[in-house]
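Next comes entry_0.cif, with mmCIF, C-alpha atoms and all ligand atoms.
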data_query
loop_
_atom_site.label_atom_id
_atom_site.label_comp_id
_atom_site.auth_asym_id
_atom_site.auth_seq_id
_atom_site.Cartn_x
_atom_site.Cartn_y
_atom_site.Cartn_z
CA MET L 14 11.65 89.87 226.46
CA ARG L 15 10.91 86.19 227.03
CA LEU L 16 11.78 83.72 224.34
CA THR L 17 8.57 81.77 223.87
CA PRO L 18 8.29 78.97 221.28
CA ARG L 19 5.86 81.15 219.34
CA ARG L 20 8.37 84.05 219.17
CA MET L 21 11.11 81.64 218.11
CA LEU L 22 8.89 80.33 215.31
CA ASN L 23 8.07 83.87 214.10
CA GLY L 24 11.75 84.83 214.21
CA THR L 25 12.80 81.77 212.23
CA ALA L 26 10.08 82.43 209.63
CA ALA L 27 11.21 86.06 209.23
CA VAL L 28 14.88 85.05 208.81
CA THR L 29 13.91 82.35 206.26
CA VAL L 30 11.87 84.84 204.21
CA LEU L 31 14.76 87.32 204.26
CA VAL L 32 17.31 84.71 203.16
CA CYS L 33 15.04 83.42 200.36
CA TYR L 34 14.43 86.96 199.13
CA THR L 35 18.17 87.72 199.04
CA VAL L 36 18.90 84.47 197.17
CA ILE L 37 16.17 85.21 194.60
CA ILE L 38 17.54 88.73 194.01
CA ILE L 39 21.10 87.41 193.54
CA LEU L 40 19.94 84.69 191.13
CA TRP L 41 17.82 87.15 189.17
CA GLN L 42 20.69 89.62 188.78
CA GLY L 43 22.92 86.78 187.59
CA GLN L 44 20.37 85.70 185.01
CA ARG L 45 19.99 89.25 183.75
CA ARG L 46 23.73 89.74 183.35
CA GLN L 47 23.98 86.39 181.61
CA PHE L 48 21.12 87.27 179.29
CA SER L 49 22.57 90.60 178.21
CA GLU L 50 26.04 89.08 177.83
CA THR L 51 24.58 86.34 175.66
CA ARG L 52 22.74 88.84 173.53
CA ARG L 53 25.86 90.97 173.17
CA ASN L 54 27.90 87.94 172.23
CA ILE L 55 25.33 86.88 169.70
CA LEU L 56 25.57 90.27 168.07
CA LEU L 57 29.32 90.46 168.21
CA ALA L 58 30.79 87.08 167.83
CA SER L 59 28.28 84.80 166.28
CA ASN L 60 27.03 85.00 162.78
CA LEU L 61 23.64 86.37 163.64
CA SER L 62 22.94 89.98 162.98
CA PRO L 63 20.24 91.86 164.87
CA THR L 64 18.31 91.64 161.64
CA ALA L 65 18.20 87.93 161.87
CA GLU L 66 17.46 88.04 165.51
CA THR L 67 14.65 90.56 165.50
CA GLU L 68 13.34 90.06 161.99
CA ARG L 69 13.24 93.85 161.91
CA SER L 70 10.19 93.84 164.13
CA PRO L 71 8.92 97.29 164.99
CA VAL L 72 10.01 97.20 168.61
CA TYR L 73 11.04 100.82 168.69
CA SER L 74 8.76 103.78 168.79
CA TRP L 75 8.25 105.87 165.72
CA GLU L 76 6.69 109.18 165.15
CA VAL L 77 5.76 110.17 161.69
CA SER L 78 6.07 113.86 162.39
CA ASN L 79 9.84 113.76 162.27
CA VAL L 80 12.12 113.10 159.33
CA MET L 81 14.76 111.46 161.49
CA LYS L 82 13.33 108.29 162.85
CA ASP L 83 14.42 106.53 165.98
CA ARG L 84 14.42 103.01 164.65
CA ALA L 85 15.71 99.55 165.21
CA SER L 86 18.81 98.99 163.15
CA ARG L 87 19.09 96.12 160.80
CA SER L 88 22.48 94.66 161.33
CA VAL L 89 25.95 94.98 162.70
CA LEU L 90 28.19 97.53 161.19
CA ASN L 91 31.35 96.79 159.34
CA THR L 92 33.49 99.87 158.97
CA ASP L 93 36.32 101.89 160.51
CA ARG L 94 34.64 101.67 163.83
CA VAL L 95 32.25 98.93 164.67
CA TYR L 96 28.89 99.87 166.07
CA VAL L 97 26.44 97.43 167.48
CA ARG L 98 22.91 98.40 168.24
CA SER L 99 21.49 96.64 171.23
CA ASP L 100 18.29 97.85 172.78
CA ARG L 101 18.30 101.61 172.39
CA VAL L 102 22.01 102.07 172.76
CA LEU L 103 24.57 102.36 170.01
CA HIS L 104 27.77 100.81 171.29
CA LYS L 105 30.95 101.89 169.66
CA LEU L 106 33.43 99.02 169.60
CA GLU L 107 36.68 100.40 168.42
CA GLN L 108 39.43 98.05 167.42
CA VAL L 109 37.58 94.85 168.08
CA GLN L 110 40.08 92.13 168.78
CA GLY L 111 41.31 90.46 165.64
CA THR L 112 39.62 93.00 163.47
CA ASP L 113 41.29 95.15 160.91
CA HIS L 114 40.75 98.69 162.18
CA LYS L 115 40.53 100.12 158.72
CA THR L 116 38.03 97.76 157.17
CA GLY L 117 36.27 96.40 160.23
CA LEU L 118 36.76 92.94 158.79
CA LYS L 119 38.26 90.03 160.65
CA ARG L 120 41.94 90.05 159.77
CA GLY L 121 42.70 87.69 156.97
CA SER L 122 39.18 86.32 156.96
CA ARG L 123 37.92 87.98 153.84
CA PRO L 124 39.30 89.53 150.73
CA ARG L 125 37.71 92.59 149.24
CA THR L 126 35.84 90.43 146.82
CA LEU L 127 34.18 87.61 148.63
CA GLY L 128 35.60 84.66 146.81
CA GLY L 129 34.02 85.63 143.53
CA GLU L 130 35.81 86.84 140.44
CA LEU L 131 38.51 89.11 141.72
CA GLU L 132 38.35 91.66 138.97
CA PRO L 133 35.49 92.67 136.75
CA THR L 134 35.97 91.60 133.19
CA LYS L 135 36.10 94.07 130.32
CA THR L 136 32.41 94.47 129.76
CA GLY L 137 32.00 95.29 126.12
CA VAL L 138 28.50 96.39 127.19
CA LYS L 139 27.90 100.10 127.64
CA THR L 140 25.80 100.84 130.71
CA GLU L 141 24.00 104.18 130.73
CA THR L 142 21.71 105.61 133.38
CA GLU L 143 18.71 104.42 131.34
CA ASP L 144 19.92 100.84 131.74
CA ILE L 145 19.51 100.92 135.50
CA PHE L 146 16.28 100.12 137.31
CA ILE L 147 16.23 101.62 140.79
CA GLY L 148 13.64 100.43 143.28
CA ILE L 149 13.15 102.38 146.48
CA LYS L 150 11.20 100.84 149.30
CA THR L 151 8.97 103.21 151.19
CA THR L 152 5.75 103.31 153.16
CA LYS L 153 2.78 105.68 153.20
CA SER L 154 3.76 107.38 156.44
CA PHE L 155 7.20 108.21 155.01
CA HIS L 156 6.08 109.78 151.75
CA ARG L 157 6.34 113.31 153.03
CA SER L 158 9.06 112.86 155.60
CA ARG L 159 11.49 110.84 153.48
CA MET L 160 10.53 111.07 149.81
CA ASP L 161 10.54 114.86 149.56
CA VAL L 162 14.29 115.18 150.00
CA ILE L 163 14.92 112.42 147.44
CA LEU L 164 12.54 114.05 144.98
CA LYS L 165 14.32 117.36 145.41
CA THR L 166 17.79 115.92 144.97
CA TRP L 167 19.00 112.74 143.27
CA PHE L 168 15.62 111.67 141.83
CA VAL L 169 15.83 114.64 139.45
CA LEU L 170 18.85 112.99 137.80
CA ALA L 171 17.11 109.66 137.23
CA LYS L 172 13.40 110.43 136.88
CA TYR L 173 12.82 107.58 134.47
CA GLN L 174 14.84 104.97 136.35
CA VAL L 175 13.64 105.40 139.91
CA TYR L 176 10.44 103.71 141.15
CA PHE L 177 9.05 104.00 144.65
CA PHE L 178 7.47 100.84 146.07
CA THR L 179 4.92 101.74 148.68
CA ASP L 180 1.84 100.34 150.36
CA ALA L 181 -0.96 102.80 149.60
CA ASP L 182 -2.25 105.06 146.86
CA ASP L 183 -1.17 108.66 147.17
CA PRO L 184 -2.30 110.89 144.30
CA GLU L 185 -0.06 113.77 145.43
CA TYR L 186 3.11 111.66 145.31
CA GLN L 187 1.97 109.85 142.20
CA ILE L 188 2.17 113.23 140.48
CA LYS L 189 5.38 114.27 142.23
CA THR L 190 7.11 111.09 141.07
CA GLY L 191 5.86 111.38 137.52
CA GLY L 192 3.74 108.23 137.93
CA HIS L 193 6.56 106.22 139.49
CA LEU L 194 4.84 105.44 142.77
CA ILE L 195 3.90 101.77 142.80
CA ASN L 196 1.31 100.59 145.28
CA THR L 197 2.45 97.06 146.04
CA ASN L 198 -0.65 96.39 148.17
CA CYS L 199 1.76 94.90 150.69
CA SER L 200 1.00 95.62 154.32
CA SER L 201 2.40 98.83 155.74
CA SER L 202 4.62 97.52 158.47
CA HIS L 203 8.24 96.87 159.15
CA ASN L 204 7.94 93.14 159.59
CA ARG L 205 9.56 90.47 157.47
CA LYS L 206 6.46 89.64 155.46
CA ALA L 207 5.73 93.23 154.48
CA LEU L 208 9.31 94.03 153.52
CA CYS L 209 9.73 90.79 151.57
CA CYS L 210 6.45 91.49 149.82
CA LYS L 211 7.78 94.84 148.58
CA MET L 212 11.10 93.37 147.46
CA SER L 213 9.18 90.67 145.62
CA VAL L 214 7.24 93.32 143.68
CA GLU L 215 10.47 95.26 143.02
CA LEU L 216 12.06 92.19 141.49
CA ASP L 217 9.03 91.44 139.34
CA ARG L 218 8.84 95.00 138.06
CA PHE L 219 12.54 94.91 137.20
CA LEU L 220 12.14 91.64 135.33
CA GLU L 221 9.28 93.17 133.33
CA SER L 222 11.47 96.13 132.43
CA GLN L 223 14.21 95.43 129.93
CA LYS L 224 16.87 97.12 132.06
CA LYS L 225 20.35 95.71 132.54
CA TRP L 226 20.75 96.31 136.25
CA PHE L 227 18.46 96.03 139.26
CA CYS L 228 19.45 98.31 142.14
CA HIS L 229 17.58 98.53 145.41
CA PHE L 230 17.76 101.37 147.94
CA ASP L 231 15.83 102.41 151.03
CA ASP L 232 14.00 105.72 151.28
CA ASP L 233 16.67 107.05 153.67
CA ASN L 234 19.43 106.69 151.07
CA TYR L 235 21.04 109.33 148.92
CA VAL L 236 22.41 107.84 145.72
CA ASN L 237 25.29 109.42 143.86
CA LEU L 238 24.10 108.52 140.39
CA PRO L 239 27.20 109.34 138.32
CA LYS L 240 29.24 107.13 140.63
CA LEU L 241 26.65 104.33 140.56
CA LYS L 242 26.72 104.40 136.78
CA LYS L 243 30.53 104.36 136.80
CA LEU L 244 30.52 101.32 139.08
CA LEU L 245 28.09 99.38 136.91
CA GLN L 246 30.03 100.22 133.78
CA LYS L 247 32.87 98.11 135.15
CA TYR L 248 30.74 94.96 135.21
CA ASN L 249 29.02 93.05 132.47
CA PRO L 250 25.24 92.76 133.07
CA LEU L 251 25.26 89.57 131.00
CA GLU L 252 27.42 87.99 133.70
CA ASP L 253 26.37 87.23 137.27
CA TRP L 254 27.05 90.14 139.58
CA TYR L 255 25.77 90.91 143.06
CA LEU L 256 27.31 94.17 144.27
CA GLY L 257 26.88 95.66 147.73
CA LYS L 258 28.25 95.81 151.22
CA PRO L 259 27.66 93.44 154.12
CA SER L 260 27.04 94.81 157.59
CA ILE L 261 28.31 91.77 159.46
CA ARG L 262 31.90 90.75 159.88
CA VAL L 263 31.47 87.03 159.33
CA PRO L 264 29.10 85.21 157.01
CA LEU L 265 25.60 84.65 158.32
CA LYS L 266 25.02 81.10 159.53
CA ILE L 267 21.56 79.61 159.69
CA PRO L 268 20.40 76.08 160.37
CA ASN L 269 19.62 74.01 157.31
CA ARG L 270 15.94 73.15 157.62
CA GLU L 271 16.32 70.14 155.38
CA ASN L 272 19.19 68.70 157.38
CA THR L 273 19.16 69.95 160.94
CA GLU L 274 22.72 68.83 161.59
CA GLU L 275 24.00 71.17 158.92
CA THR L 276 24.30 74.94 158.84
CA ILE L 277 24.14 77.19 155.82
CA SER L 278 26.55 80.06 155.64
CA PHE L 279 26.39 83.02 153.28
CA TRP L 280 27.03 86.75 152.88
CA PHE L 281 24.38 89.31 152.08
CA ALA L 282 24.47 92.98 151.14
CA THR L 283 22.68 95.23 153.61
CA GLY L 284 19.50 96.59 152.07
CA GLY L 285 19.87 99.89 153.90
CA ALA L 286 23.07 100.64 151.97
CA GLY L 287 21.62 99.56 148.64
CA PHE L 288 22.81 96.82 146.29
CA CYS L 289 22.75 96.00 142.59
CA ILE L 290 22.23 92.72 140.73
CA SER L 291 22.94 92.16 137.06
CA ARG L 292 20.12 91.10 134.75
CA ALA L 293 21.81 87.76 134.06
CA LEU L 294 21.78 86.95 137.75
CA THR L 295 18.20 88.10 138.37
CA LEU L 296 17.10 85.82 135.55
CA LYS L 297 18.77 82.94 137.36
CA MET L 298 16.96 83.98 140.53
CA MET L 299 13.57 83.68 138.83
CA PRO L 300 12.73 80.09 139.84
CA THR L 301 13.12 81.07 143.51
CA ALA L 302 12.25 84.75 143.39
CA SER L 303 9.86 85.77 140.63
CA GLY L 304 6.06 85.85 140.61
CA GLY L 305 5.82 86.15 144.38
CA ARG L 306 8.11 83.18 145.07
CA PHE L 307 10.53 85.54 146.80
CA MET L 308 8.04 85.79 149.66
CA SER L 309 7.99 82.04 150.04
CA ALA L 310 11.79 82.04 150.16
CA CYS L 311 11.69 84.64 152.97
CA GLU L 312 9.18 82.52 154.82
CA LYS L 313 11.23 79.40 154.34
CA ILE L 314 14.35 80.81 155.94
CA ARG L 315 12.44 83.26 158.15
CA LEU L 316 14.80 86.09 157.41
CA PRO L 317 14.37 89.62 156.05
CA ASP L 318 14.36 90.64 152.42
CA ASP L 319 18.02 91.65 152.07
CA VAL L 320 19.17 88.48 153.80
CA THR L 321 16.95 86.36 151.58
CA ILE L 322 18.49 87.95 148.48
CA GLY L 323 21.91 86.89 149.79
CA TYR L 324 20.59 83.40 150.57
CA ILE L 325 19.23 82.91 147.06
CA ILE L 326 22.33 84.24 145.32
CA GLU L 327 25.03 82.74 147.51
CA HIS L 328 23.43 79.56 148.81
CA VAL L 329 20.92 78.53 146.15
CA LEU L 330 22.76 79.81 143.07
CA LYS L 331 26.30 79.52 144.46
CA LYS L 332 27.28 82.97 143.20
CA LYS L 333 29.33 85.40 145.28
CA LEU L 334 28.66 88.83 146.68
CA THR L 335 31.22 91.36 145.50
CA VAL L 336 31.88 93.91 148.22
CA VAL L 337 31.73 97.52 147.19
CA GLU L 338 32.85 99.68 150.08
CA HIS L 339 31.25 102.80 148.64
CA PHE L 340 27.74 101.75 149.63
CA HIS L 341 26.83 103.12 153.07
CA SER L 342 23.94 102.42 155.43
CA HIS L 343 23.23 104.24 158.66
CA LEU L 344 24.64 101.28 160.53
CA GLU L 345 27.92 103.00 159.86
CA ALA L 346 28.92 106.27 161.46
CA MET L 347 28.11 108.65 158.65
CA ASN L 348 30.47 111.34 159.92
CA LEU L 349 33.43 109.07 159.24
CA ILE L 350 32.91 109.54 155.52
CA LYS L 351 35.43 112.22 154.61
CA PRO L 352 33.93 115.17 152.72
CA HIS L 353 36.67 115.11 150.08
CA THR L 354 35.56 111.55 149.21
CA PHE L 355 31.84 112.31 148.86
CA SER L 356 31.99 112.23 145.07
CA GLU L 357 33.57 108.75 145.27
CA GLN L 358 30.80 107.26 147.39
CA ILE L 359 27.75 105.56 145.93
CA SER L 360 25.18 105.76 148.70
CA PHE L 361 24.69 107.60 151.97
CA SER L 362 22.07 107.40 154.70
CA TYR L 363 20.97 109.00 157.94
CA SER L 364 19.28 108.04 161.19
CA ARG L 365 18.64 109.12 164.72
CA PHE L 366 19.11 107.26 167.96
CA GLY L 367 17.38 109.18 170.72
CA ASN L 368 18.94 112.63 170.62
CA GLU L 369 21.95 111.48 168.64
CA THR L 370 21.81 111.87 164.90
CA ASN L 371 23.90 109.84 162.53
CA VAL L 372 24.39 112.09 159.51
CA ILE L 373 27.23 112.95 157.21
CA SER L 374 29.30 115.91 158.19
CA VAL L 375 28.80 118.41 155.40
CA GLU L 376 28.71 122.18 155.29
CA GLY L 377 25.82 124.00 153.70
CA PHE L 378 22.26 124.40 154.86
CA THR L 379 21.44 124.67 158.55
CA GLN L 380 20.49 121.61 160.53
CA LYS L 381 16.91 122.87 160.60
CA GLU L 382 16.72 123.42 156.84
CA ASP L 383 18.48 120.17 156.08
CA PRO L 384 18.22 117.62 158.90
CA THR L 385 19.23 114.67 156.67
CA ARG L 386 22.17 116.70 155.18
CA PHE L 387 21.18 115.42 151.74
CA LEU L 388 20.40 118.91 150.38
CA SER L 389 23.86 120.11 151.38
CA LEU L 390 25.45 116.96 149.96
CA HIS L 391 23.60 117.39 146.69
CA CYS L 392 24.87 120.98 146.45
CA GLN L 393 28.43 119.84 147.09
CA LEU L 394 28.16 117.27 144.33
CA PHE L 395 26.14 119.42 141.92
CA PRO L 396 26.76 123.08 142.81
CA LEU L 397 24.93 124.38 139.74
CA VAL L 398 21.56 123.01 140.88
CA GLY L 399 18.98 125.81 141.28
CA PHE L 400 18.35 125.64 145.02
CA CYS L 401 22.11 125.58 145.76
CA ALA L 402 22.81 129.08 144.49
CA GLY L 403 23.18 131.87 147.00
N1 LIG L 501 9.62 100.54 155.68
C1 LIG L 501 8.48 99.97 155.18
N2 LIG L 501 7.43 99.77 156.03
C2 LIG L 501 7.48 100.15 157.31
C3 LIG L 501 8.66 100.72 157.82
C4 LIG L 501 9.72 100.91 156.97
O1 LIG L 501 8.41 99.64 154.01
O2 LIG L 501 6.51 99.98 158.02
C5 LIG L 501 10.74 100.75 154.77
C6 LIG L 501 11.30 102.15 154.87
O3 LIG L 501 10.58 103.02 154.06
C7 LIG L 501 12.75 101.95 154.46
C8 LIG L 501 13.04 100.53 154.91
O4 LIG L 501 11.79 99.89 155.13
O5 LIG L 501 12.90 102.03 153.06
C9 LIG L 501 13.84 100.51 156.20
O6 LIG L 501 13.14 101.21 157.19
P1 LIG L 501 13.86 102.15 158.23
O7 LIG L 501 14.88 103.00 157.56
O8 LIG L 501 12.79 102.89 158.97
O9 LIG L 501 14.51 101.11 159.24
P2 LIG L 501 15.91 100.38 159.25
O10 LIG L 501 15.59 98.97 158.90
O11 LIG L 501 16.82 101.05 158.28
O12 LIG L 501 16.37 100.55 160.64
MN MN L 502 16.89 103.04 157.53
#
Here is a file; write its structure as structure tokens.
Ligand code: UDP
Ligand code: MN
Amino acid sequence: MRLTPRRMLNGTAAVTVLVCYTVIIILWQGQRRQFSETRRNILLASNLSPTAETERSPVYSWEVSNVMKDRASRSVLNTDRVYVRSDRVLHKLEQVQGTDHKTGLKRGSRPRTLGGELEPTKTGVKTETEDIFIGIKTTKSFHRSRMDVILKTWFVLAKYQVYFFTDADDPEYQIKTGGHLINTNCSSSHNRKALCCKMSVELDRFLESQKKWFCHFDDDNYVNLPKLKKLLQKYNPLEDWYLGKPSIRVPLKIPNRENTEETISFWFATGGAGFCISRALTLKMMPTASGGRFMSACEKIRLPDDVTIGYIIEHVLKKKLTVVEHFHSHLEAMNLIKPHTFSEQISFSYSRFGNETNVISVEGFTQKEDPTRFLSLHCQLFPLVGFCAG
């Protein structure tokens, strides 16, 4: 074959295209690796939780036909084993460097009580179940799939204390809850605005009630009421108390909008595990949180409802979160909760990631009869309940 100038030109062009293509592929791969590393590092090492990062946007699919939803998690776990949800994968990070294996906390970085009063004072105030206001956030499409198991189990023990905050009228569930289904008229989505809107209504309804304690839970929580009552009895509702469990290992850091050179750092209790606030403290929250102002606070810091609660209490009011390890969200591995300690725990949850379910390990009903395991748990805690016999 003769080497004509035209052939040489074609050859050179082909080689150039090939080299460019290879370089582009190498650069692209590098970028991708860097991006996922950065994201992983943000989740692990920095103070941002996935909550903060995603604003709980509904990125993941969800089918209403199933009780166990495949959903985006809210934040990073803090427990025996550390789990981080990134994309659709749940990464188990055992014995993270510098982390106490038992508590999941950074060694020496945090006492059990986060800088607040170390021990509850003698209350002198008797807290009974009737003194607790329990708000549960839900949404129309979850009424059947999530509320039924609550209504069958722990709701029965606190019919007059529990209120469901939803986003639509539902005459059937209005009856089932004994008139305790509150249509917030907030939008029915999982974004920051909608969730903050519901929390705002929860707070207002609590303030209207004359109850001593405000407790919030999600509709995928089981609440062990006797233990919740016992916890609250240790604290004086006339003092400032914010009780719950964080899901991040270091305080959340956000830029201060008023002074861009500064950052604001605070703890917050994960909403998916539930938390309680004393009446005294909610009254102090009023200027920033009542009458719909809570939504403005969420907008201001652009963070979800549970984070905004932490922001108001810790940053605005300079009060401290008190960590109560017995609250559990599905960001933890539920099967690590030992059955012989069930009666000691305050809240439980469940979730599903793809085919993997995150549920407590409890004997009783079959998986089909009791996919959340809450019926079996209820029977372990209260064996005399009607449906538990036989
Ligand atoms: N939720 C809601 N609107 C929605 C989706 C969820 O109010 O569109 C509520 C839901 O009922 C639950 C809470 O938000 O009480 C958290 O939702 P989910 O458990 O599905 O997600 P997570 O944030 O725990 O991953
Ligand atoms: Mn959940």
Counting all atoms listed in the file, figure out which residue out of L:Glu345, L:Asp383, L:Asp182, L:Asp231 gets nearest to ligand MN 502 (chain L).
->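 Of L:Glu345, L:Asp383, L:Asp182, L:Asp231, the one nearest ligand MN 502 (chain L), counting all atoms listed in the file, is L:Asp231.
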At most 7 Å from ligand MN 502 (chain L) (all atoms listed in the file): residue list as a PDB file with C-alpha atoms, in the frame of the given file:
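Here's the written file pocket_29.pdb:
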ATOM      1  CA  ASP L 231      15.830 102.410 151.030  1.00  0.00           C
ATOM      2  CA  ASP L 233      16.670 107.050 153.670  1.00  0.00           C
ATOM      3  CA  GLY L 285      19.870  99.890 153.900  1.00  0.00           C
ATOM      4  CA  HIS L 343      23.230 104.240 158.660  1.00  0.00           C
ATOM      5  CA  SER L 364      19.280 108.040 161.190  1.00  0.00           C
TER       6      SER L 364
END
Which residues come within 8 Å of region 389-402 of chain L, counting only C-alpha atoms, excluding same-chain residues fewer than 3 positions away, as number ranges by chain?
-> L: 166-167, 355-356, 375-378, 383, 386
Determine the nearest neighbour of ligand LIG 501 (chain L) from the options L:Thr276, L:Asn249, L:Ser342, L:Thr385, counting all atoms listed in the file.
->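 Result for the nearest residue to ligand LIG 501 (chain L): L:Ser342.
Distances here use all atoms listed in the file; by that measure, the residue among L:Gly137, L:Pro317, L:Gly323, L:Pro239 closest to Pro259 (chain L) is L:Gly323.
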Give the answer as one residue: which of L:His193, L:Arg262, L:Lys206, L:Lys139 has the shortest atom-to-atom distance to ligand LIG 501 (chain L), using all atoms listed in the file?
->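 Ranking L:His193, L:Arg262, L:Lys206, L:Lys139 by distance to ligand LIG 501 (chain L), first place goes to L:Lys206.
Here CA of Lys165 (chain L) stands at a distance of 12.5 Å from CA of Val236 (chain L).
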Nearest to ligand LIG 501 (chain L), chosen from L:Arg159, L:His229, L:Arg19, L:His203, with all atoms listed in the file counted in the distances |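 Checking each candidate against ligand LIG 501 (chain L), we get L:His203 as the closest.
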Could you check how far atom O10 of ligand LIG 501 (chain L) sits from CA of Lys332 (chain L), in Å to one decimal?
-> 25.3 Å
Which is closest to ligand LIG 501 (chain L) among L:Ser200, L:Asn237, L:Ser374, L:Thr273, if we use all atoms listed in the file?
->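 Closest candidate: L:Ser200.
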Distance query Thr152 (chain L) at most 12 Å, all atoms listed in the file, self and fewer than 5 positions along chain excluded, as a VMD selection string = chain L and resid 77 157 to 160 177 to 183 186 194 to 203 207 to 208 211 231 to 233
Neighbours of region 217-224 of chain L within 6 Å (only C-alpha atoms; same-chain residues fewer than 5 positions away dropped), as a ChimeraX atom specification?
-> /L:144-145,303
What's the 10 Å shell around Lys242 (chain L), counting all atoms listed in the file, without same-chain residues fewer than 6 positions away, as a list of chain:residue names?
->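 Result of the neighbour search: L:Thr140, L:Glu141, L:Thr142, L:Glu143, L:Asp144, L:Ile145, L:Ile359.
Coordinates place CA of Ile373 (chain L) at a distance of 24.4 Å from CA of Phe281 (chain L).
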